[in-house]
>>> print(open('work.tsv').read())   # TSV, C-alpha atoms and all ligand atoms
chain	number	residue	atom	x	y	z
A	4	MET	CA	125.63	84.55	120.81
A	5	THR	CA	125.17	87.29	123.40
A	6	GLN	CA	122.51	89.85	122.72
A	7	GLN	CA	122.08	93.42	123.90
A	8	PRO	CA	119.69	93.45	126.91
A	9	ALA	CA	117.19	95.65	125.07
A	10	LEU	CA	117.02	93.17	122.22
A	11	GLU	CA	116.55	90.32	124.67
A	12	TYR	CA	113.57	92.17	126.11
A	13	LEU	CA	112.10	92.62	122.63
A	14	ALA	CA	112.74	89.01	121.75
A	15	HIS	CA	110.94	87.76	124.83
A	16	GLY	CA	107.50	89.23	124.10
A	17	GLN	CA	104.66	88.55	126.53
A	18	SER	CA	101.99	85.86	126.68
A	19	PRO	CA	102.39	83.78	123.53
A	20	PHE	CA	100.04	84.08	120.56
A	21	PHE	CA	97.00	81.84	121.09
A	22	ARG	CA	98.64	80.27	124.19
A	23	LEU	CA	100.92	78.38	121.82
A	24	PRO	CA	104.31	77.05	122.85
A	25	ALA	CA	106.90	79.83	122.69
A	26	VAL	CA	109.85	78.66	120.61
A	27	ALA	CA	112.14	81.59	119.88
A	28	PRO	CA	115.59	81.25	118.30
A	29	PRO	CA	118.10	79.83	118.82
A	30	ARG	CA	115.70	76.94	119.50
A	31	PRO	CA	114.62	75.40	116.18
A	32	LEU	CA	110.96	74.86	115.33
A	33	PRO	CA	109.76	71.50	116.67
A	34	GLN	CA	109.30	68.71	114.14
A	35	GLY	CA	105.90	68.92	112.49
A	36	THR	CA	105.37	72.65	113.10
A	37	ARG	CA	103.09	73.98	110.36
A	38	ALA	CA	102.98	77.65	111.33
A	39	ALA	CA	104.98	80.17	113.33
A	40	PHE	CA	103.64	83.49	114.59
A	41	LEU	CA	106.28	86.22	114.64
A	42	GLY	CA	105.93	89.69	116.11
A	43	VAL	CA	107.56	92.49	114.16
A	44	PRO	CA	107.68	95.51	116.48
A	45	PHE	CA	108.47	98.20	113.91
A	46	ASP	CA	106.66	101.41	113.04
A	47	GLY	CA	109.47	103.47	111.56
A	48	GLY	CA	107.70	103.36	108.21
A	49	THR	CA	104.53	105.15	109.31
A	50	THR	CA	103.62	108.41	107.61
A	51	TYR	CA	101.06	109.60	110.19
A	52	GLN	CA	100.45	108.20	113.68
A	53	PRO	CA	103.10	105.74	114.90
A	54	GLY	CA	102.51	103.09	117.55
A	55	ALA	CA	102.11	99.85	115.60
A	56	ARG	CA	105.37	98.57	117.06
A	57	LEU	CA	103.45	97.64	120.19
A	58	ALA	CA	100.82	95.57	118.36
A	59	PRO	CA	102.54	92.18	118.81
A	60	PHE	CA	102.33	92.54	122.59
A	61	HIS	CA	98.64	93.49	122.57
A	62	VAL	CA	97.56	90.96	119.96
A	63	ARG	CA	99.36	88.27	121.95
A	64	ARG	CA	97.51	89.30	125.10
A	65	VAL	CA	94.00	89.22	123.61
A	66	SER	CA	94.67	86.18	121.40
A	67	ALA	CA	94.65	84.10	124.58
A	68	LEU	CA	90.84	84.25	124.35
A	69	VAL	CA	90.62	82.55	120.95
A	70	GLN	CA	89.58	78.92	121.10
A	71	GLY	CA	90.56	76.22	118.63
A	72	TRP	CA	87.46	74.73	116.99
A	73	HIS	CA	86.37	76.44	113.76
A	74	PRO	CA	82.62	75.84	113.54
A	75	ALA	CA	82.25	76.95	109.90
A	76	HIS	CA	85.15	74.89	108.55
A	77	ARG	CA	84.60	72.13	111.11
A	78	VAL	CA	88.27	71.80	111.91
A	79	ALA	CA	90.30	71.84	115.13
A	80	VAL	CA	92.66	74.50	113.89
A	81	PHE	CA	95.55	74.19	116.37
A	82	ASP	CA	95.43	70.38	116.27
A	83	ARG	CA	95.42	70.13	112.49
A	84	ALA	CA	98.04	72.85	112.00
A	85	PRO	CA	100.52	72.68	114.89
A	86	ALA	CA	101.83	76.20	115.46
A	87	VAL	CA	104.21	78.05	117.74
A	88	ASP	CA	104.86	81.59	118.87
A	89	GLY	CA	108.26	82.19	117.31
A	90	GLY	CA	108.90	85.33	119.36
A	91	ASN	CA	109.57	88.74	117.93
A	92	VAL	CA	111.93	89.45	115.08
A	93	VAL	CA	114.66	91.56	116.64
A	94	PHE	CA	116.35	94.70	115.34
A	95	PRO	CA	116.76	98.24	116.65
A	96	PRO	CA	113.28	99.77	116.21
A	97	PHE	CA	114.70	102.87	114.49
A	98	ALA	CA	116.68	101.02	111.78
A	99	PRO	CA	114.48	100.15	108.78
A	100	ASP	CA	117.29	98.45	106.86
A	101	ARG	CA	118.07	96.22	109.85
A	102	MET	CA	114.34	95.44	110.16
A	103	ARG	CA	114.18	94.35	106.51
A	104	GLU	CA	117.27	92.15	106.84
A	105	ALA	CA	116.02	90.51	110.04
A	106	VAL	CA	112.46	89.92	108.80
A	107	GLU	CA	113.66	88.44	105.53
A	108	ALA	CA	116.11	86.13	107.32
A	109	ARG	CA	113.58	84.97	109.91
A	110	THR	CA	110.82	84.46	107.33
A	111	ARG	CA	113.18	82.40	105.19
A	112	GLN	CA	114.15	80.33	108.23
A	113	VAL	CA	110.51	79.52	109.00
A	114	ALA	CA	109.68	78.74	105.37
A	115	GLU	CA	112.72	76.48	105.04
A	116	ALA	CA	111.57	74.59	108.15
A	117	GLY	CA	108.36	73.80	106.26
A	118	ALA	CA	106.15	76.13	108.30
A	119	VAL	CA	103.97	79.05	107.28
A	120	PRO	CA	105.14	82.38	108.76
A	121	PHE	CA	102.45	84.65	110.23
A	122	LEU	CA	103.94	88.09	110.80
A	123	VAL	CA	102.22	90.42	113.21
A	124	GLY	CA	103.39	93.98	112.54
A	125	GLY	CA	104.33	96.60	112.85
A	126	ASP	CA	103.50	98.89	110.02
A	127	HIS	CA	103.02	97.70	106.46
A	128	SER	CA	106.67	98.16	105.52
A	129	VAL	CA	107.39	94.84	107.28
A	130	ALA	CA	105.56	92.98	104.49
A	131	LEU	CA	108.18	93.61	101.80
A	132	PRO	CA	111.01	91.56	103.33
A	133	ALA	CA	108.54	88.76	104.10
A	134	LEU	CA	107.42	88.74	100.45
A	135	ARG	CA	111.06	88.68	99.35
A	136	ALA	CA	111.80	85.60	101.46
A	137	LEU	CA	108.61	83.81	100.42
A	138	ALA	CA	109.06	84.50	96.70
A	139	ARG	CA	112.58	83.17	96.99
A	140	ALA	CA	111.26	79.99	98.62
A	141	HIS	CA	108.17	79.43	96.45
A	142	GLY	CA	108.60	81.52	93.30
A	143	PRO	CA	106.37	84.45	92.33
A	144	LEU	CA	103.35	84.60	94.62
A	145	ALA	CA	99.69	85.33	94.43
A	146	VAL	CA	99.25	88.22	96.84
A	147	VAL	CA	95.91	88.98	98.43
A	148	HIS	CA	96.27	92.53	99.69
A	149	VAL	CA	93.57	93.85	101.98
A	150	ASP	CA	93.93	97.57	102.62
A	151	ALA	CA	92.31	100.99	102.46
A	152	HIS	CA	95.32	102.12	100.43
A	153	LEU	CA	97.06	100.96	97.26
A	154	ASP	CA	100.51	100.84	98.93
A	155	THR	CA	102.13	101.19	95.51
A	156	SER	CA	103.42	104.66	96.23
A	157	GLY	CA	106.97	105.53	95.20
A	158	PRO	CA	109.79	107.83	96.29
A	159	GLU	CA	107.98	110.81	94.69
A	160	THR	CA	105.79	111.20	97.78
A	161	TRP	CA	108.34	111.47	100.59
A	162	GLY	CA	111.66	111.33	98.79
A	163	GLU	CA	112.20	107.93	100.36
A	164	PRO	CA	111.51	104.61	98.66
A	165	PHE	CA	110.73	102.49	101.74
A	166	HIS	CA	107.78	103.22	104.02
A	167	HIS	CA	104.39	101.74	104.79
A	168	GLY	CA	102.87	103.14	101.60
A	169	THR	CA	105.30	101.40	99.26
A	170	PRO	CA	105.62	97.63	99.94
A	171	LEU	CA	103.50	96.52	96.97
A	172	ARG	CA	105.29	98.90	94.61
A	173	HIS	CA	108.58	97.13	95.41
A	174	ALA	CA	107.01	93.67	95.40
A	175	LEU	CA	105.64	94.24	91.88
A	176	LYS	CA	108.87	95.79	90.62
A	177	GLU	CA	111.00	92.99	92.06
A	178	GLY	CA	108.86	90.31	90.45
A	179	LEU	CA	107.75	88.85	93.78
A	180	VAL	CA	104.13	88.83	92.58
A	181	ALA	CA	103.04	86.50	89.79
A	182	THR	CA	101.66	88.29	86.75
A	183	GLY	CA	98.07	89.39	87.32
A	184	GLN	CA	98.14	87.98	90.85
A	185	LEU	CA	97.89	91.08	93.00
A	186	HIS	CA	94.37	91.09	94.41
A	187	GLN	CA	93.57	94.31	96.28
A	188	ILE	CA	90.47	94.43	98.45
A	189	GLY	CA	88.97	97.25	100.51
A	190	LEU	CA	90.53	100.23	98.74
A	191	ARG	CA	88.80	103.59	99.10
A	192	GLY	CA	89.37	107.26	99.73
A	193	PRO	CA	91.01	110.04	97.73
A	194	TRP	CA	94.23	109.61	95.76
A	195	ALA	CA	97.10	112.03	95.25
A	196	GLY	CA	96.30	112.06	91.52
A	197	PRO	CA	94.76	110.05	88.68
A	198	GLY	CA	97.93	107.95	88.23
A	199	ASP	CA	97.99	106.38	91.70
A	200	GLY	CA	96.59	103.11	90.38
A	201	ASP	CA	99.03	102.87	87.46
A	202	PRO	CA	101.84	100.81	89.07
A	203	GLY	CA	99.38	98.05	89.96
A	204	ALA	CA	97.31	98.32	86.77
A	205	ALA	CA	100.46	98.01	84.65
A	206	ARG	CA	101.03	94.60	86.22
A	207	GLY	CA	97.47	93.40	86.07
A	208	ALA	CA	96.45	94.05	89.67
A	209	ARG	CA	92.80	93.30	90.30
A	210	VAL	CA	91.04	95.78	92.53
A	211	HIS	CA	87.90	95.07	94.55
A	212	ASP	CA	87.27	98.37	96.27
A	213	ALA	CA	85.12	98.86	99.35
A	214	ASP	CA	82.12	99.94	97.26
A	215	GLU	CA	82.32	96.77	95.16
A	216	VAL	CA	82.38	94.68	98.34
A	217	ALA	CA	79.28	96.51	99.60
A	218	ARG	CA	77.52	96.03	96.25
A	219	ARG	CA	78.35	92.37	95.57
A	220	GLY	CA	78.89	91.01	99.06
A	221	MET	CA	82.17	89.66	100.42
A	222	ALA	CA	81.34	86.02	99.73
A	223	ALA	CA	81.18	86.73	95.98
A	224	VAL	CA	84.38	88.78	96.01
A	225	ALA	CA	86.25	86.17	98.06
A	226	ALA	CA	85.09	83.39	95.72
A	227	GLU	CA	86.36	85.33	92.71
A	228	VAL	CA	89.74	85.92	94.36
A	229	ARG	CA	90.04	82.28	95.43
A	230	GLU	CA	89.22	81.15	91.89
A	231	ALA	CA	91.79	83.52	90.38
A	232	VAL	CA	94.51	82.46	92.85
A	233	GLY	CA	93.97	78.79	92.10
A	234	ASP	CA	96.69	76.57	93.52
A	235	ARG	CA	99.46	79.16	93.38
A	236	PRO	CA	101.47	79.79	96.54
A	237	ALA	CA	99.59	82.67	98.13
A	238	HIS	CA	100.47	85.35	100.64
A	239	LEU	CA	97.80	87.29	102.51
A	240	THR	CA	98.90	90.77	103.50
A	241	PHE	CA	96.20	92.26	105.70
A	242	ASP	CA	96.36	95.93	106.65
A	243	VAL	CA	93.80	96.39	109.40
A	244	ASP	CA	92.97	99.86	108.05
A	245	ALA	CA	90.98	98.06	105.33
A	246	VAL	CA	88.39	97.70	108.07
A	247	ASP	CA	86.22	100.71	108.86
A	248	PRO	CA	87.57	102.83	111.73
A	249	ALA	CA	84.23	102.22	113.47
A	250	PHE	CA	85.24	98.56	113.82
A	251	ALA	CA	89.02	99.00	113.95
A	252	PRO	CA	89.81	102.39	115.47
A	253	GLY	CA	93.31	101.35	116.53
A	254	THR	CA	95.23	102.17	113.38
A	255	GLY	CA	97.49	105.01	112.32
A	256	THR	CA	96.04	106.08	108.95
A	257	PRO	CA	92.28	105.51	109.20
A	258	VAL	CA	89.99	106.00	106.19
A	259	PRO	CA	86.18	106.14	106.58
A	260	GLY	CA	83.91	103.86	104.59
A	261	GLY	CA	85.69	100.54	105.07
A	262	LEU	CA	84.89	96.89	105.53
A	263	THR	CA	82.93	95.66	108.49
A	264	SER	CA	84.77	93.27	110.77
A	265	ARG	CA	82.30	90.59	109.61
A	266	GLU	CA	83.25	91.22	105.96
A	267	ALA	CA	86.95	91.09	106.85
A	268	LEU	CA	86.55	87.73	108.57
A	269	ALA	CA	84.33	86.44	105.75
A	270	LEU	CA	87.04	87.29	103.24
A	271	VAL	CA	89.69	85.17	104.93
A	272	ARG	CA	87.17	82.39	105.54
A	273	GLY	CA	86.15	82.58	101.88
A	274	LEU	CA	89.70	81.84	100.78
A	275	ALA	CA	89.37	78.26	102.04
A	276	GLY	CA	91.30	75.98	99.73
A	277	VAL	CA	94.09	78.39	98.79
A	278	ARG	CA	97.66	77.32	99.40
A	279	LEU	CA	98.65	79.93	101.97
A	280	VAL	CA	102.43	80.17	102.32
A	281	GLY	CA	102.49	83.35	104.41
A	282	MET	CA	100.39	85.99	106.09
A	283	ASP	CA	101.04	89.34	107.65
A	284	LEU	CA	98.64	91.37	109.77
A	285	VAL	CA	99.80	94.96	110.05
A	286	GLU	CA	98.99	98.47	111.21
A	287	VAL	CA	97.30	97.71	114.52
A	288	CYS	CA	98.10	100.73	116.70
A	289	PRO	CA	97.18	99.86	120.30
A	290	ALA	CA	97.58	103.41	121.62
A	291	LEU	CA	94.68	104.54	119.38
A	292	ASP	CA	92.51	101.51	120.09
A	293	HIS	CA	89.40	101.35	122.25
A	294	ALA	CA	88.68	98.32	124.41
A	295	ASP	CA	91.22	96.33	122.37
A	296	LEU	CA	88.67	96.15	119.50
A	297	THR	CA	91.32	96.25	116.81
A	298	SER	CA	93.62	93.80	118.58
A	299	HIS	CA	90.75	91.36	119.05
A	300	LEU	CA	89.88	91.63	115.36
A	301	ALA	CA	93.54	91.09	114.45
A	302	ALA	CA	93.69	87.95	116.58
A	303	HIS	CA	90.57	86.56	114.90
A	304	LEU	CA	91.87	87.37	111.41
A	305	LEU	CA	95.08	85.50	112.24
A	306	PHE	CA	93.04	82.58	113.50
A	307	GLU	CA	91.12	82.54	110.20
A	308	GLY	CA	94.46	82.59	108.40
A	309	LEU	CA	95.74	79.63	110.38
A	310	ALA	CA	92.49	77.82	109.59
A	311	LEU	CA	93.39	78.11	105.89
A	312	VAL	CA	96.63	76.26	106.66
A	313	ALA	CA	94.76	73.65	108.71
A	314	LEU	CA	92.34	73.01	105.85
A	315	ARG	CA	95.23	72.02	103.57
A	316	GLU	CA	96.53	69.44	106.05
A	317	PRO	CA	95.50	65.80	105.68
A	318	ARG	CA	92.73	64.72	108.00
B	401	MN	MN	98.91	99.26	103.93
>>> encode(input="work.tsv", output="structure tokens", more="lines below")
Ligand SMILES: [Mn+2]
Amino acid sequence: MTQQPALEYLAHGQSPFFRLPAVAPPRPLPQGTRAAFLGVPFDGGTTYQPGARLAPFHVRRVSALVQGWHPAHRVAVFDRAPAVDGGNVVFPPFAPDRMREAVEARTRQVAEAGAVPFLVGGDHSVALPALRALARAHGPLAVVHVDAHLDTSGPETWGEPFHHGTPLRHALKEGLVATGQLHQIGLRGPWAGPGDGDPGAARGARVHDADEVARRGMAAVAAEVREAVGDRPAHLTFDVDAVDPAFAPGTGTPVPGGLTSREALALVRGLAGVRLVGMDLVEVCPALDHADLTSHLAAHLLFEGLALVALREPR
């Protein structure tokens, strides 16, 4: 199939995630691949500062520094969980419907090949099609949602049902999330009104806001989430704006009072044992970043996510 030159450029990306082999379609994933990192260069769903479409390129670049031995888990992550850079998901960057189609198709492809998709956004609207594909493959999911915001907004806000403030609203409504299995961590900041939490609360979402994390410590919160998730297929959707802008300045809708980068890493590490079937890391906006701080954090969070996959592999 011939592709438009601009799409070829997008599909190519730059240095691969974590120096992994680059295996973009039409090449199939090699036998035994346990994870595929996919860039999703889309920020047409942002409500404030755009720029997240360039995150895959920057996270790739800095991820080259991440080494493979996990000293806390005592596992050689890339050896235990063979992974590839699956390239970017391709679509015109101004066509949200085409983005959703392409992300859902590519996520399904990776899941059907027996690998765990790791999507690197892009804004948070890229999570919905990934959740659709994963729920289709595994059934209703446990969703660990790390974010400053609820992301259960509806069309009442902008007169448009799909943007980066709505993916969890759709996921709940479409039954992609198992009952009582939306775990939201890091929330804070003012709401539009007292009912903002209702869509999640109506479906048993459990909220661990930033103040609770500060009060109880992230290890306790992570342990509670891990316990509640049990052995369900789990998706981790990580909006980097959950982290305080002091640690992660490169994001389009920053909210003061967030997680430290240490807490963010401790959360993913504390999920050891969960059956991770997918992860997305979204809302890194390189143009607003300083010294690649946010991209470096994103790369390390993805590494912690891959470690969760490695821990489920036989020794
Ligand atoms: Mn979000």
>>> residues_around(input="work.tsv", residues="stretch 101-112 of chain A", least_positions_apart="3", cutoff="7 Å", atoms="all atoms listed in the file", output="ChimeraX atom specification")
/A:92-94,98,115-116,120,129,132-133,135-137
>>> residues_near_ligand(input="work.tsv", ligand="ligand MN 401 (chain B)", cutoff="9 Å", atoms="all atoms listed in the file", output="list of chain:residue names")
A:Asp126, A:His127, A:Ser128, A:His148, A:Val149, A:Asp150, A:Ala151, A:His152, A:Leu153, A:Asp154, A:His167, A:Gly168, A:Thr169, A:Pro170, A:Leu171, A:Thr240, A:Phe241, A:Asp242, A:Val243, A:Asp244, A:Ala245, A:Thr256, A:Val285, A:Glu286
>>> closest_residue(input="work.tsv", among="A:Val65, A:Leu23, A:Leu122, A:Leu291", to="A:Ala84", atoms="only C-alpha atoms")
A:Leu23
>>> closest_residue(input="work.tsv", among="A:Ala75, A:Ala55, A:Leu41, A:Ala67", to="A:Thr297", atoms="all atoms listed in the file")
A:Ala55
>>> closest_residue(input="work.tsv", among="A:Arg139, A:Arg315, A:His166, A:Arg206", to="A:Val78", atoms="only C-alpha atoms")
A:Arg315
>>> atom_distance(input="work.tsv", atom1="atom CA of A:Gly220", atom2="atom CA of A:Phe250")
17.8 Å
>>> closest_residue(input="work.tsv", among="A:His299, A:His238, A:Arg77, A:Lys176", to="A:Arg278", atoms="all atoms listed in the file")
A:His238
>>> closest_residue(input="work.tsv", among="A:Ala237, A:Gly157, A:Val312, A:Ala38", to="A:Gly198", atoms="all atoms listed in the file")
A:Gly157
>>> axis_aligned_box(input="work.tsv", around="stretch 89-107 of chain A", padding_each_side="6 Å", output="AutoDock Vina command-line options")
--center_x 113.2 --center_y 92.5 --center_z 112.4 --size_x 21.8 --size_y 32.7 --size_z 25.8
>>> residues_around(input="work.tsv", residues="A:His61", least_positions_apart="2", cutoff="8 Å", atoms="all atoms listed in the file", output="JSON, numbers by chain")
{"A": [57, 58, 59, 63, 64, 65, 289, 295, 298]}
>>> atom_distance(input="work.tsv", atom1="atom CA of A:His173", atom2="atom CA of A:Val87")
29.7 Å
>>> atom_distance(input="work.tsv", atom1="atom CA of A:Met282", atom2="atom CA of A:Glu159")
28.3 Å
